[in-house]
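Student: So here's run25.txt (compact mmCIF, C-alpha atoms and all ligand atoms).
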```
# COMPACT_ATOMS: atom_id res chain seq x y z
CA MET A 621 -60.07 58.47 22.47
CA TYR A 622 -56.56 58.35 23.91
CA LYS A 623 -55.11 54.88 24.35
CA GLN A 624 -52.08 54.43 26.58
CA PRO A 625 -49.21 52.62 24.81
CA GLU A 626 -48.90 49.00 25.98
CA ILE A 627 -45.58 48.28 24.33
CA ILE A 628 -42.87 50.93 24.50
CA ALA A 629 -39.61 50.50 22.56
CA ILE A 630 -36.54 52.55 23.41
CA ASP A 631 -33.55 52.29 21.10
CA GLY A 632 -30.34 54.24 20.64
CA PRO A 633 -26.55 54.10 20.91
CA ALA A 634 -24.50 53.04 23.93
CA ALA A 635 -24.76 55.22 27.03
CA SER A 636 -27.39 57.56 25.62
CA GLY A 637 -29.49 57.21 28.77
CA LYS A 638 -31.90 54.54 27.53
CA SER A 639 -31.74 52.34 30.60
CA THR A 640 -32.24 55.21 33.05
CA LEU A 641 -35.22 56.48 31.10
CA ALA A 642 -36.75 53.05 30.61
CA GLU A 643 -36.37 52.00 34.20
CA LYS A 644 -38.04 55.12 35.58
CA LEU A 645 -40.74 55.10 32.95
CA ALA A 646 -41.57 51.48 33.73
CA GLU A 647 -41.75 52.32 37.42
CA VAL A 648 -44.19 55.20 36.85
CA LEU A 649 -46.38 53.08 34.56
CA GLY A 650 -46.12 49.86 36.56
CA TYR A 651 -44.74 48.13 33.45
CA PHE A 652 -42.06 45.48 33.09
CA TYR A 653 -38.64 46.88 32.22
CA PHE A 654 -36.49 44.72 29.99
CA ASP A 655 -33.00 45.66 28.83
CA THR A 656 -32.15 43.44 25.85
CA GLY A 657 -28.46 44.48 25.89
CA VAL A 658 -28.14 42.26 28.96
CA MET A 659 -28.74 39.20 26.80
CA TYR A 660 -26.03 40.03 24.25
CA ARG A 661 -23.70 40.85 27.12
CA ALA A 662 -24.46 37.51 28.80
CA VAL A 663 -23.67 35.56 25.62
CA THR A 664 -20.43 37.53 25.27
CA TYR A 665 -19.49 36.88 28.88
CA ALA A 666 -20.22 33.16 28.53
CA ALA A 667 -18.20 32.91 25.30
CA LEU A 668 -15.20 34.68 26.83
CA GLU A 669 -15.36 32.34 29.83
CA ALA A 670 -15.68 29.22 27.71
CA PHE A 671 -13.41 30.02 24.74
CA GLN A 672 -11.38 33.09 25.86
CA SER A 673 -12.40 34.70 22.56
CA VAL A 674 -15.55 35.46 20.54
CA ASP A 675 -14.00 35.02 17.12
CA ASP A 676 -15.40 31.62 16.23
CA GLU A 677 -18.87 32.48 14.97
CA ASP A 678 -20.21 28.91 14.91
CA GLN A 679 -18.99 28.17 18.39
CA VAL A 680 -20.46 31.39 19.83
CA SER A 681 -23.75 30.87 17.95
CA GLU A 682 -24.15 27.35 19.27
CA LEU A 683 -23.55 28.62 22.77
CA ALA A 684 -26.17 31.38 22.32
CA GLU A 685 -28.73 28.79 21.24
CA VAL A 686 -28.41 26.75 24.42
CA ILE A 687 -27.46 29.02 27.30
CA GLU A 688 -29.96 29.95 29.98
CA ILE A 689 -29.98 33.64 30.75
CA ASP A 690 -32.29 34.82 33.47
CA VAL A 691 -33.10 38.31 34.71
CA ARG A 692 -34.65 38.44 38.18
CA PRO A 693 -35.43 41.04 40.85
CA ALA A 694 -32.30 42.37 42.61
CA SER A 695 -31.13 40.09 45.40
CA LYS A 696 -28.43 42.45 46.74
CA LYS A 697 -28.21 46.12 47.59
CA ASP A 698 -24.98 46.87 45.74
CA GLY A 699 -26.38 49.31 43.22
CA ARG A 700 -27.80 46.65 40.89
CA LYS A 701 -31.26 47.11 39.39
CA TYR A 702 -31.76 43.38 38.77
CA ASP A 703 -29.83 40.11 38.94
CA VAL A 704 -28.49 38.59 35.74
CA LEU A 705 -27.96 34.86 35.99
CA LEU A 706 -26.20 32.49 33.68
CA THR A 707 -27.66 29.16 34.71
CA GLU A 708 -27.14 29.82 38.45
CA GLU A 709 -24.04 32.03 38.24
CA ASP A 710 -24.55 35.67 39.21
CA ILE A 711 -23.04 37.64 36.30
CA THR A 712 -24.73 40.98 37.04
CA TRP A 713 -21.43 42.88 37.28
CA GLY A 714 -19.40 40.52 35.12
CA ILE A 715 -21.35 41.58 32.01
CA ARG A 716 -20.31 45.22 32.57
CA SER A 717 -16.57 44.62 32.29
CA PRO A 718 -14.40 46.40 29.69
CA GLU A 719 -13.74 42.98 28.07
CA VAL A 720 -17.45 42.45 27.51
CA ASP A 721 -17.80 46.05 26.27
CA ALA A 722 -15.01 45.43 23.77
CA ASN A 723 -16.48 42.19 22.38
CA VAL A 724 -20.25 42.50 22.62
CA SER A 725 -20.84 44.23 19.29
CA LYS A 726 -19.00 41.50 17.44
CA VAL A 727 -21.16 38.85 19.11
CA SER A 728 -24.37 40.76 18.51
CA ALA A 729 -23.65 40.97 14.79
CA TYR A 730 -23.72 37.16 14.43
CA PRO A 731 -27.05 36.30 12.72
CA ARG A 732 -27.71 33.11 14.69
CA VAL A 733 -27.05 34.87 17.97
CA ARG A 734 -29.53 37.59 17.02
CA LYS A 735 -32.12 35.03 15.97
CA ALA A 736 -31.90 33.20 19.28
CA MET A 737 -32.11 36.41 21.33
CA THR A 738 -34.80 38.09 19.23
CA SER A 739 -37.29 35.26 19.55
CA GLN A 740 -36.98 35.29 23.35
CA GLN A 741 -37.35 39.07 23.40
CA ARG A 742 -40.48 39.00 21.23
CA ARG A 743 -42.09 36.47 23.53
CA ILE A 744 -41.52 38.74 26.51
CA GLY A 745 -42.55 41.91 24.66
CA GLN A 746 -45.77 40.56 23.27
CA ARG A 747 -47.17 40.08 26.75
CA GLY A 748 -47.55 43.88 26.78
CA ARG A 749 -47.16 46.46 29.54
CA VAL A 750 -43.47 46.51 28.82
CA VAL A 751 -40.70 49.03 28.26
CA MET A 752 -38.06 47.28 26.18
CA VAL A 753 -34.63 48.74 25.53
CA GLY A 754 -32.06 47.95 22.82
CA ARG A 755 -30.89 48.81 19.33
CA ASP A 756 -33.52 47.13 17.14
CA ILE A 757 -36.62 46.93 19.29
CA GLY A 758 -38.72 49.40 17.25
CA THR A 759 -37.40 48.12 13.92
CA VAL A 760 -37.14 44.33 14.29
CA VAL A 761 -38.06 42.87 17.68
CA LEU A 762 -41.36 44.68 18.23
CA PRO A 763 -42.19 46.73 15.14
CA GLU A 764 -45.79 46.77 16.39
CA ALA A 765 -44.76 48.79 19.49
CA ASP A 766 -47.26 51.55 20.27
CA LEU A 767 -44.57 54.06 21.13
CA LYS A 768 -41.02 54.09 19.77
CA ILE A 769 -38.34 56.37 21.12
CA TYR A 770 -34.83 56.71 19.74
CA LEU A 771 -32.64 58.30 22.38
CA ASP A 772 -29.45 59.80 21.05
CA ALA A 773 -26.61 62.00 22.34
CA SER A 774 -23.19 63.06 21.09
CA VAL A 775 -20.45 60.50 21.52
CA GLU A 776 -18.48 62.87 23.80
CA GLU A 777 -21.44 63.31 26.14
CA ARG A 778 -22.02 59.55 26.20
CA ALA A 779 -18.35 58.91 26.96
CA ARG A 780 -18.52 61.41 29.85
CA ARG A 781 -21.51 59.52 31.30
CA ARG A 782 -19.93 56.09 30.88
CA PHE A 783 -16.66 57.37 32.38
CA ALA A 784 -18.48 58.62 35.48
CA GLU A 785 -20.36 55.31 35.81
CA GLN A 786 -17.22 53.22 35.51
CA GLU A 787 -15.24 55.44 37.86
CA GLU A 788 -17.93 54.95 40.48
CA ARG A 789 -17.54 51.20 40.12
CA GLY A 790 -13.76 51.39 40.34
CA VAL A 791 -13.05 50.49 36.69
CA LYS A 792 -9.80 52.20 35.70
CA LEU A 793 -10.21 53.30 32.11
CA SER A 794 -9.36 56.77 30.85
CA PHE A 795 -11.94 59.03 29.21
CA GLU A 796 -10.07 58.61 25.92
CA GLU A 797 -10.20 54.82 26.10
CA ILE A 798 -13.93 54.90 26.75
CA LEU A 799 -14.49 57.36 23.91
CA ILE A 800 -12.63 55.11 21.47
CA SER A 801 -14.47 52.01 22.65
CA LEU A 802 -17.89 53.70 22.28
CA LYS A 803 -17.05 54.94 18.78
CA LYS A 804 -16.00 51.45 17.73
CA ARG A 805 -19.14 49.90 19.14
CA ASP A 806 -21.40 52.52 17.48
CA GLN A 807 -19.70 51.91 14.17
CA TYR A 808 -20.15 48.15 14.48
CA ASP A 809 -23.76 48.36 15.70
CA ALA A 810 -24.84 50.80 12.98
CA SER A 811 -23.18 49.03 10.07
CA ARG A 812 -23.98 45.36 10.67
CA ALA A 813 -26.04 43.62 7.99
CA ILE A 814 -28.80 42.36 10.28
CA ALA A 815 -30.90 44.64 12.46
CA PRO A 816 -28.50 47.59 12.39
CA MET A 817 -28.98 50.30 14.97
CA GLN A 818 -31.19 52.95 13.37
CA PRO A 819 -34.36 54.83 14.31
CA ALA A 820 -37.62 53.23 13.15
CA GLU A 821 -39.44 55.40 10.63
CA ASP A 822 -42.13 56.15 13.18
CA ALA A 823 -39.79 56.67 16.13
CA LEU A 824 -39.66 59.88 18.11
CA ILE A 825 -36.03 60.97 18.14
CA LEU A 826 -34.81 62.65 21.33
CA PHE A 827 -31.37 64.14 21.70
CA SER A 828 -30.25 64.17 25.31
CA ASP A 829 -27.05 66.28 25.35
CA ASN A 830 -28.62 69.30 26.98
CA LEU A 831 -31.33 67.54 28.92
CA SER A 832 -31.04 65.91 32.34
CA ALA A 833 -32.42 62.42 32.95
CA GLU A 834 -35.38 64.04 34.75
CA GLU A 835 -36.14 66.33 31.83
CA ILE A 836 -36.13 63.45 29.35
CA LEU A 837 -38.35 61.40 31.63
CA LYS A 838 -40.76 64.30 31.98
CA LYS A 839 -41.01 64.73 28.21
CA VAL A 840 -41.77 61.05 27.70
CA ILE A 841 -44.25 60.83 30.57
CA GLU A 842 -46.14 63.77 29.10
CA LEU A 843 -46.43 61.78 25.91
CA VAL A 844 -47.53 58.56 27.52
CA LEU A 845 -49.73 59.93 30.28
CA PRO A 846 -51.10 63.26 29.11
CA GLU A 847 -53.02 63.61 32.40
CA TYR A 848 -50.03 62.85 34.64
CA GLU A 849 -49.02 65.53 37.13
CA LYS A 850 -45.57 65.26 38.68
O1 LIG B 901 -25.48 49.83 28.08
P1 LIG B 901 -24.95 50.10 26.71
O2 LIG B 901 -25.76 51.14 26.00
O3 LIG B 901 -23.49 50.33 26.68
O4 LIG B 901 -25.09 48.78 25.84
P2 LIG B 901 -26.20 47.67 25.93
O5 LIG B 901 -27.54 48.23 25.70
O6 LIG B 901 -25.96 46.86 27.17
O7 LIG B 901 -25.85 46.75 24.65
C1 LIG B 901 -24.61 46.14 24.48
C2 LIG B 901 -24.45 45.75 23.02
O8 LIG B 901 -25.38 44.72 22.69
C3 LIG B 901 -24.67 46.83 21.98
O9 LIG B 901 -23.52 47.60 21.71
C4 LIG B 901 -25.11 46.04 20.76
O10 LIG B 901 -23.99 45.55 20.05
C5 LIG B 901 -25.83 44.87 21.35
N1 LIG B 901 -27.30 44.99 21.31
C6 LIG B 901 -27.95 44.69 20.14
O11 LIG B 901 -27.31 44.42 19.14
N2 LIG B 901 -29.30 44.71 20.07
C7 LIG B 901 -30.03 45.00 21.16
N3 LIG B 901 -31.36 44.97 21.06
C8 LIG B 901 -29.40 45.34 22.36
C9 LIG B 901 -28.01 45.34 22.42
```
Can you give me the file's structure in the form of C-alpha cells?
Ligand code: CDP
Tutor:
Amino acid sequence: MYKQPEIIAIDGPAASGKSTLAEKLAEVLGYFYFDTGVMYRAVTYAALEAFQSVDDEDQVSELAEVIEIDVRPASKKDGRKYDVLLTEEDITWGIRSPEVDANVSKVSAYPRVRKAMTSQQRRIGQRGRVVMVGRDIGTVVLPEADLKIYLDASVEERARRRFAEQEERGVKLSFEEILISLKKRDQYDASRAIAPMQPAEDALILFSDNLSAEEILKKVIELVLPEYEK
C-alpha cells in the first residue's frame, strides 16, 4: 500500500530553486518547511557582527554553540516568508547580504559549527511532517528521510535567478559578480571534508534549467501524492 512520505529532504547547490519548491510543497501537504541554510547564515551574520571576520575557527565555533537562532511565522508583509531572529534581533534580511553570501561557506565547513547545527536540525526533522532544505539533509542530517530530492541547475541559470532576486531587493551586484560568488560557494560546499554537498545514493535528481518552478512542483507532487489533482 502507498505510504505518503513523512520526512522530505531537498538538497542541492545555491539558487537551484530548493526553497521555492520546498515552501510550496510544504504548503500543499500541510507540512512544516525548514530551510537549514538560514542557520548557517545566522551564525555567519553573528560572527561578522561580533568579530568583523569569520576566519577564527574556534571563535566562530564557540559562538555557534551558544547563539539562539529562531525561525518564526512572518511578522511583516515585506516579501519575507518567515522571521529569522538572533536572540530578539530581526535578521531576516541581514542574512541575505552579499557579505553573508561571501562568508557562509567558510563558516559551514567548520566541523563544530556543523555539529551544533545538525543536532538542532535532526531534532526538528524527526518530528516528521517536514520538508527540510539544505546541502546534507538526505546524506547526514536525516538519512532516514522517506523522500530525497537533489535539485540541480547549471551555474549560469542559478546566477540568473539570484541576480533577478537581488535586483528586486535593490542589491547592486553585477551578473558576473554573482556568477563568481556562486561558483566559489559551490566549490567550497562540494569539497569540504564533512558533509559535502552531494546527492544521497537514493536521491531523485532533478535538473531545473528547462523547467519552471510550477513544473518542478508538479513533478514532485505527483510523486508524493499520486492521487492529487491540480
Ligand atoms: O539560498 P542559497 O541556496 O544561496 O543558500 P542557503 O541554502 O541559504 O545556504 C547557505 C550556505 O549554507 C551554503 O552555501 C552552505 O555553505 C551552507 N549550508 C550547509 O552547509 N548545509 C546545509 N544543510 C545548508 C546550508
Student: Output as JSON lines one row per residue of chain A within 9 Å of ligand LIG 901 (chain B): the closest atom pair and its distance in Å to one decimal place, counting all atoms listed in the file, sorted by chain and residue number ascending.
Tutor:
```
{"residue": "A:Asp631", "atom": "CA", "partner": "B:LIG901", "partner_atom": "N3", "distance": 7.6}
{"residue": "A:Gly632", "atom": "CA", "partner": "B:LIG901", "partner_atom": "O2", "distance": 7.7}
{"residue": "A:Pro633", "atom": "CA", "partner": "B:LIG901", "partner_atom": "O2", "distance": 5.9}
{"residue": "A:Ala634", "atom": "CA", "partner": "B:LIG901", "partner_atom": "O2", "distance": 3.1}
{"residue": "A:Ala635", "atom": "CA", "partner": "B:LIG901", "partner_atom": "O2", "distance": 4.3}
{"residue": "A:Ser636", "atom": "CA", "partner": "B:LIG901", "partner_atom": "O2", "distance": 6.6}
{"residue": "A:Gly637", "atom": "CA", "partner": "B:LIG901", "partner_atom": "O2", "distance": 7.6}
{"residue": "A:Lys638", "atom": "CA", "partner": "B:LIG901", "partner_atom": "O2", "distance": 7.2}
{"residue": "A:Ser639", "atom": "CA", "partner": "B:LIG901", "partner_atom": "O1", "distance": 7.2}
{"residue": "A:Asp655", "atom": "CA", "partner": "B:LIG901", "partner_atom": "O5", "distance": 6.8}
{"residue": "A:Thr656", "atom": "CA", "partner": "B:LIG901", "partner_atom": "C8", "distance": 4.8}
{"residue": "A:Gly657", "atom": "CA", "partner": "B:LIG901", "partner_atom": "C9", "distance": 3.6}
{"residue": "A:Val658", "atom": "CA", "partner": "B:LIG901", "partner_atom": "O6", "distance": 5.4}
{"residue": "A:Met659", "atom": "CA", "partner": "B:LIG901", "partner_atom": "C9", "distance": 7.6}
{"residue": "A:Tyr660", "atom": "CA", "partner": "B:LIG901", "partner_atom": "O8", "distance": 5.0}
{"residue": "A:Arg661", "atom": "CA", "partner": "B:LIG901", "partner_atom": "C1", "distance": 6.0}
{"residue": "A:Ile715", "atom": "CA", "partner": "B:LIG901", "partner_atom": "O6", "distance": 8.5}
{"residue": "A:Arg716", "atom": "CA", "partner": "B:LIG901", "partner_atom": "O6", "distance": 8.0}
{"residue": "A:Val720", "atom": "CA", "partner": "B:LIG901", "partner_atom": "C1", "distance": 8.6}
{"residue": "A:Asp721", "atom": "CA", "partner": "B:LIG901", "partner_atom": "C1", "distance": 7.0}
{"residue": "A:Asn723", "atom": "CA", "partner": "B:LIG901", "partner_atom": "O10", "distance": 8.6}
{"residue": "A:Val724", "atom": "CA", "partner": "B:LIG901", "partner_atom": "C2", "distance": 5.3}
{"residue": "A:Ser725", "atom": "CA", "partner": "B:LIG901", "partner_atom": "O10", "distance": 3.5}
{"residue": "A:Lys726", "atom": "CA", "partner": "B:LIG901", "partner_atom": "O10", "distance": 6.9}
{"residue": "A:Val727", "atom": "CA", "partner": "B:LIG901", "partner_atom": "O10", "distance": 7.3}
{"residue": "A:Ser728", "atom": "CA", "partner": "B:LIG901", "partner_atom": "O11", "distance": 4.7}
{"residue": "A:Ala729", "atom": "CA", "partner": "B:LIG901", "partner_atom": "O11", "distance": 6.6}
{"residue": "A:Arg734", "atom": "CA", "partner": "B:LIG901", "partner_atom": "O11", "distance": 7.5}
{"residue": "A:Met737", "atom": "CA", "partner": "B:LIG901", "partner_atom": "N3", "distance": 8.6}
{"residue": "A:Thr738", "atom": "CA", "partner": "B:LIG901", "partner_atom": "N3", "distance": 7.9}
{"residue": "A:Gln741", "atom": "CA", "partner": "B:LIG901", "partner_atom": "N3", "distance": 8.7}
{"residue": "A:Met752", "atom": "CA", "partner": "B:LIG901", "partner_atom": "N3", "distance": 8.7}
{"residue": "A:Val753", "atom": "CA", "partner": "B:LIG901", "partner_atom": "N3", "distance": 6.7}
{"residue": "A:Gly754", "atom": "CA", "partner": "B:LIG901", "partner_atom": "N3", "distance": 3.5}
{"residue": "A:Arg755", "atom": "CA", "partner": "B:LIG901", "partner_atom": "N3", "distance": 4.2}
{"residue": "A:Asp756", "atom": "CA", "partner": "B:LIG901", "partner_atom": "N3", "distance": 5.0}
{"residue": "A:Ile757", "atom": "CA", "partner": "B:LIG901", "partner_atom": "N3", "distance": 5.9}
{"residue": "A:Val760", "atom": "CA", "partner": "B:LIG901", "partner_atom": "N3", "distance": 8.9}
{"residue": "A:Val761", "atom": "CA", "partner": "B:LIG901", "partner_atom": "N3", "distance": 7.8}
{"residue": "A:Arg782", "atom": "CA", "partner": "B:LIG901", "partner_atom": "O3", "distance": 8.0}
{"residue": "A:Leu802", "atom": "CA", "partner": "B:LIG901", "partner_atom": "O3", "distance": 7.9}
{"residue": "A:Arg805", "atom": "CA", "partner": "B:LIG901", "partner_atom": "O9", "distance": 5.6}
{"residue": "A:Asp806", "atom": "CA", "partner": "B:LIG901", "partner_atom": "O9", "distance": 6.8}
{"residue": "A:Tyr808", "atom": "CA", "partner": "B:LIG901", "partner_atom": "O10", "distance": 7.2}
{"residue": "A:Asp809", "atom": "CA", "partner": "B:LIG901", "partner_atom": "O10", "distance": 5.2}
{"residue": "A:Ala810", "atom": "CA", "partner": "B:LIG901", "partner_atom": "O10", "distance": 8.8}
{"residue": "A:Ala815", "atom": "CA", "partner": "B:LIG901", "partner_atom": "O11", "distance": 7.6}
{"residue": "A:Pro816", "atom": "CA", "partner": "B:LIG901", "partner_atom": "O11", "distance": 7.6}
{"residue": "A:Met817", "atom": "CA", "partner": "B:LIG901", "partner_atom": "O11", "distance": 7.4}
```
Student: Distance table requested - region 625-690 of chain A against region 705-712 of chain A, cut-off 12 Å, all atoms listed in the file: one row per qualifying residue with the closest atom pair and its distance in Å to one decimal, ordered by chain and rising residue number, as JSON lines.
Tutor:
```
{"residue": "A:Val658", "atom": "CA", "partner": "A:Thr712", "partner_atom": "CA", "distance": 8.9}
{"residue": "A:Met659", "atom": "CA", "partner": "A:Leu706", "partner_atom": "CA", "distance": 9.9}
{"residue": "A:Arg661", "atom": "CA", "partner": "A:Ile711", "partner_atom": "CA", "distance": 9.7}
{"residue": "A:Ala662", "atom": "CA", "partner": "A:Leu706", "partner_atom": "CA", "distance": 7.2}
{"residue": "A:Val663", "atom": "CA", "partner": "A:Leu706", "partner_atom": "CA", "distance": 9.0}
{"residue": "A:Thr664", "atom": "CA", "partner": "A:Ile711", "partner_atom": "CA", "distance": 11.3}
{"residue": "A:Tyr665", "atom": "CA", "partner": "A:Ile711", "partner_atom": "CA", "distance": 8.3}
{"residue": "A:Ala666", "atom": "CA", "partner": "A:Leu706", "partner_atom": "CA", "distance": 7.9}
{"residue": "A:Ala667", "atom": "CA", "partner": "A:Leu706", "partner_atom": "CA", "distance": 11.6}
{"residue": "A:Glu669", "atom": "CA", "partner": "A:Ile711", "partner_atom": "CA", "distance": 11.4}
{"residue": "A:Leu683", "atom": "CA", "partner": "A:Leu706", "partner_atom": "CA", "distance": 11.9}
{"residue": "A:Ala684", "atom": "CA", "partner": "A:Leu706", "partner_atom": "CA", "distance": 11.4}
{"residue": "A:Val686", "atom": "CA", "partner": "A:Thr707", "partner_atom": "CA", "distance": 10.6}
{"residue": "A:Ile687", "atom": "CA", "partner": "A:Leu706", "partner_atom": "CA", "distance": 7.4}
{"residue": "A:Glu688", "atom": "CA", "partner": "A:Thr707", "partner_atom": "CA", "distance": 5.3}
{"residue": "A:Ile689", "atom": "CA", "partner": "A:Leu706", "partner_atom": "CA", "distance": 4.9}
{"residue": "A:Asp690", "atom": "CA", "partner": "A:Leu705", "partner_atom": "CA", "distance": 5.0}
```
Student: At a cut-off of 12 Å, using all atoms listed in the file, what residues contact Arg747 (chain A)? Leave out same-chain residues fewer than 4 positions from it and give the result as a PyMOL selection string.
Tutor: chain A and resi 626-628+651-652+740-743+751-752+762+765
Student: Limited to C-alpha atoms, could you put the picked residues into a file as an mmCIF file, in the frame of the given file?
Tutor:
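again-v2.cif was written with the following content:
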```
data_model
loop_
_atom_site.group_PDB
_atom_site.id
_atom_site.type_symbol
_atom_site.label_atom_id
_atom_site.label_comp_id
_atom_site.auth_asym_id
_atom_site.auth_seq_id
_atom_site.Cartn_x
_atom_site.Cartn_y
_atom_site.Cartn_z
ATOM 1 C CA GLU A 626 -48.900 49.000 25.980
ATOM 2 C CA ILE A 627 -45.580 48.280 24.330
ATOM 3 C CA ILE A 628 -42.870 50.930 24.500
ATOM 4 C CA TYR A 651 -44.740 48.130 33.450
ATOM 5 C CA PHE A 652 -42.060 45.480 33.090
ATOM 6 C CA GLN A 740 -36.980 35.290 23.350
ATOM 7 C CA GLN A 741 -37.350 39.070 23.400
ATOM 8 C CA ARG A 742 -40.480 39.000 21.230
ATOM 9 C CA ARG A 743 -42.090 36.470 23.530
ATOM 10 C CA VAL A 751 -40.700 49.030 28.260
ATOM 11 C CA MET A 752 -38.060 47.280 26.180
ATOM 12 C CA LEU A 762 -41.360 44.680 18.230
ATOM 13 C CA ALA A 765 -44.760 48.790 19.490
#
```
Student: Counting all atoms listed in the file, find the residues whose atoms lie at most 6 Å from (-26.0, 38.3, 10.3) (file coordinates) and write them out as a ChimeraX atom specification.
Tutor: /A:729-731,813-814
Student: Given all atoms listed in the file as the basis, pick out the residue of A:Leu767, A:Ala773, A:Ile744, A:Ala670 nearest to Val691 (chain A).
Tutor: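 Selected residue with least distance to Val691 (chain A): A:Ile744.
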Student: CA of Ala646 (chain A) to CA of Gly758 (chain A): how many Å, to one decimal?
Tutor: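 About the pair CA of Ala646 (chain A) and CA of Gly758 (chain A): they are 16.9 Å apart.
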Student: Measuring atom to atom with only C-alpha atoms, identify which of A:Lys735, A:Leu645, A:Ile630, A:Met621 is nearest to Glu834 (chain A).
Tutor: A:Leu645
Student: Measuring between only C-alpha atoms, which one of A:Leu843, A:Leu831, A:Leu799, A:Val733 shows the shortest distance to Gln679 (chain A)?
Tutor: A:Val733
Student: For CA of Arg732 (chain A) and CA of Gln818 (chain A), determine how far apart the two atoms are, in Å to one decimal place.
Tutor: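 Taking CA of Arg732 (chain A) and CA of Gln818 (chain A), their separation equals 20.2 Å.
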Student: Considering all atoms listed in the file, state which residue in the set A:Pro819, A:Pro718, A:Ser681, A:Lys697 is at the smallest distance from Ser794 (chain A).
Tutor: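 Among the listed residues, the smallest separation from Ser794 (chain A) belongs to A:Pro718.
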Student: Give me, please, the distance in Å between CA of Ala784 (chain A) and CA of Lys644 (chain A), quoted to one decimal.
Tutor: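 Between CA of Ala784 (chain A) and CA of Lys644 (chain A) the gap works out to 19.9 Å.
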Student: Hey, could you pull the box centre and edge lengths for region 673-687 of chain A, axis-aligned, 4 Å padding per side, all listed atoms, to one decimal in Å, as JSON?
Tutor:
```
{"center_x": -20.6, "center_y": 31.1, "center_z": 21.1, "size_x": 24.3, "size_y": 16.7, "size_z": 20.4}
```
Student: Distance cut-off 12 Å, centre (-13.3, 57.3, 28.5) in file coordinates, counting all atoms listed in the file: which residues qualify? Return them as an mmCIF file with C-alpha atoms, in the frame of the given file.
Tutor:
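Final file, point.cif:
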```
data_model
loop_
_atom_site.group_PDB
_atom_site.id
_atom_site.type_symbol
_atom_site.label_atom_id
_atom_site.label_comp_id
_atom_site.auth_asym_id
_atom_site.auth_seq_id
_atom_site.Cartn_x
_atom_site.Cartn_y
_atom_site.Cartn_z
ATOM 1 C CA ALA A 635 -24.760 55.220 27.030
ATOM 2 C CA PRO A 718 -14.400 46.400 29.690
ATOM 3 C CA VAL A 775 -20.450 60.500 21.520
ATOM 4 C CA GLU A 776 -18.480 62.870 23.800
ATOM 5 C CA GLU A 777 -21.440 63.310 26.140
ATOM 6 C CA ARG A 778 -22.020 59.550 26.200
ATOM 7 C CA ALA A 779 -18.350 58.910 26.960
ATOM 8 C CA ARG A 780 -18.520 61.410 29.850
ATOM 9 C CA ARG A 781 -21.510 59.520 31.300
ATOM 10 C CA ARG A 782 -19.930 56.090 30.880
ATOM 11 C CA PHE A 783 -16.660 57.370 32.380
ATOM 12 C CA ALA A 784 -18.480 58.620 35.480
ATOM 13 C CA GLU A 785 -20.360 55.310 35.810
ATOM 14 C CA GLN A 786 -17.220 53.220 35.510
ATOM 15 C CA GLU A 787 -15.240 55.440 37.860
ATOM 16 C CA VAL A 791 -13.050 50.490 36.690
ATOM 17 C CA LYS A 792 -9.800 52.200 35.700
ATOM 18 C CA LEU A 793 -10.210 53.300 32.110
ATOM 19 C CA SER A 794 -9.360 56.770 30.850
ATOM 20 C CA PHE A 795 -11.940 59.030 29.210
ATOM 21 C CA GLU A 796 -10.070 58.610 25.920
ATOM 22 C CA GLU A 797 -10.200 54.820 26.100
ATOM 23 C CA ILE A 798 -13.930 54.900 26.750
ATOM 24 C CA LEU A 799 -14.490 57.360 23.910
ATOM 25 C CA ILE A 800 -12.630 55.110 21.470
ATOM 26 C CA SER A 801 -14.470 52.010 22.650
ATOM 27 C CA LEU A 802 -17.890 53.700 22.280
ATOM 28 C CA LYS A 803 -17.050 54.940 18.780
#
```
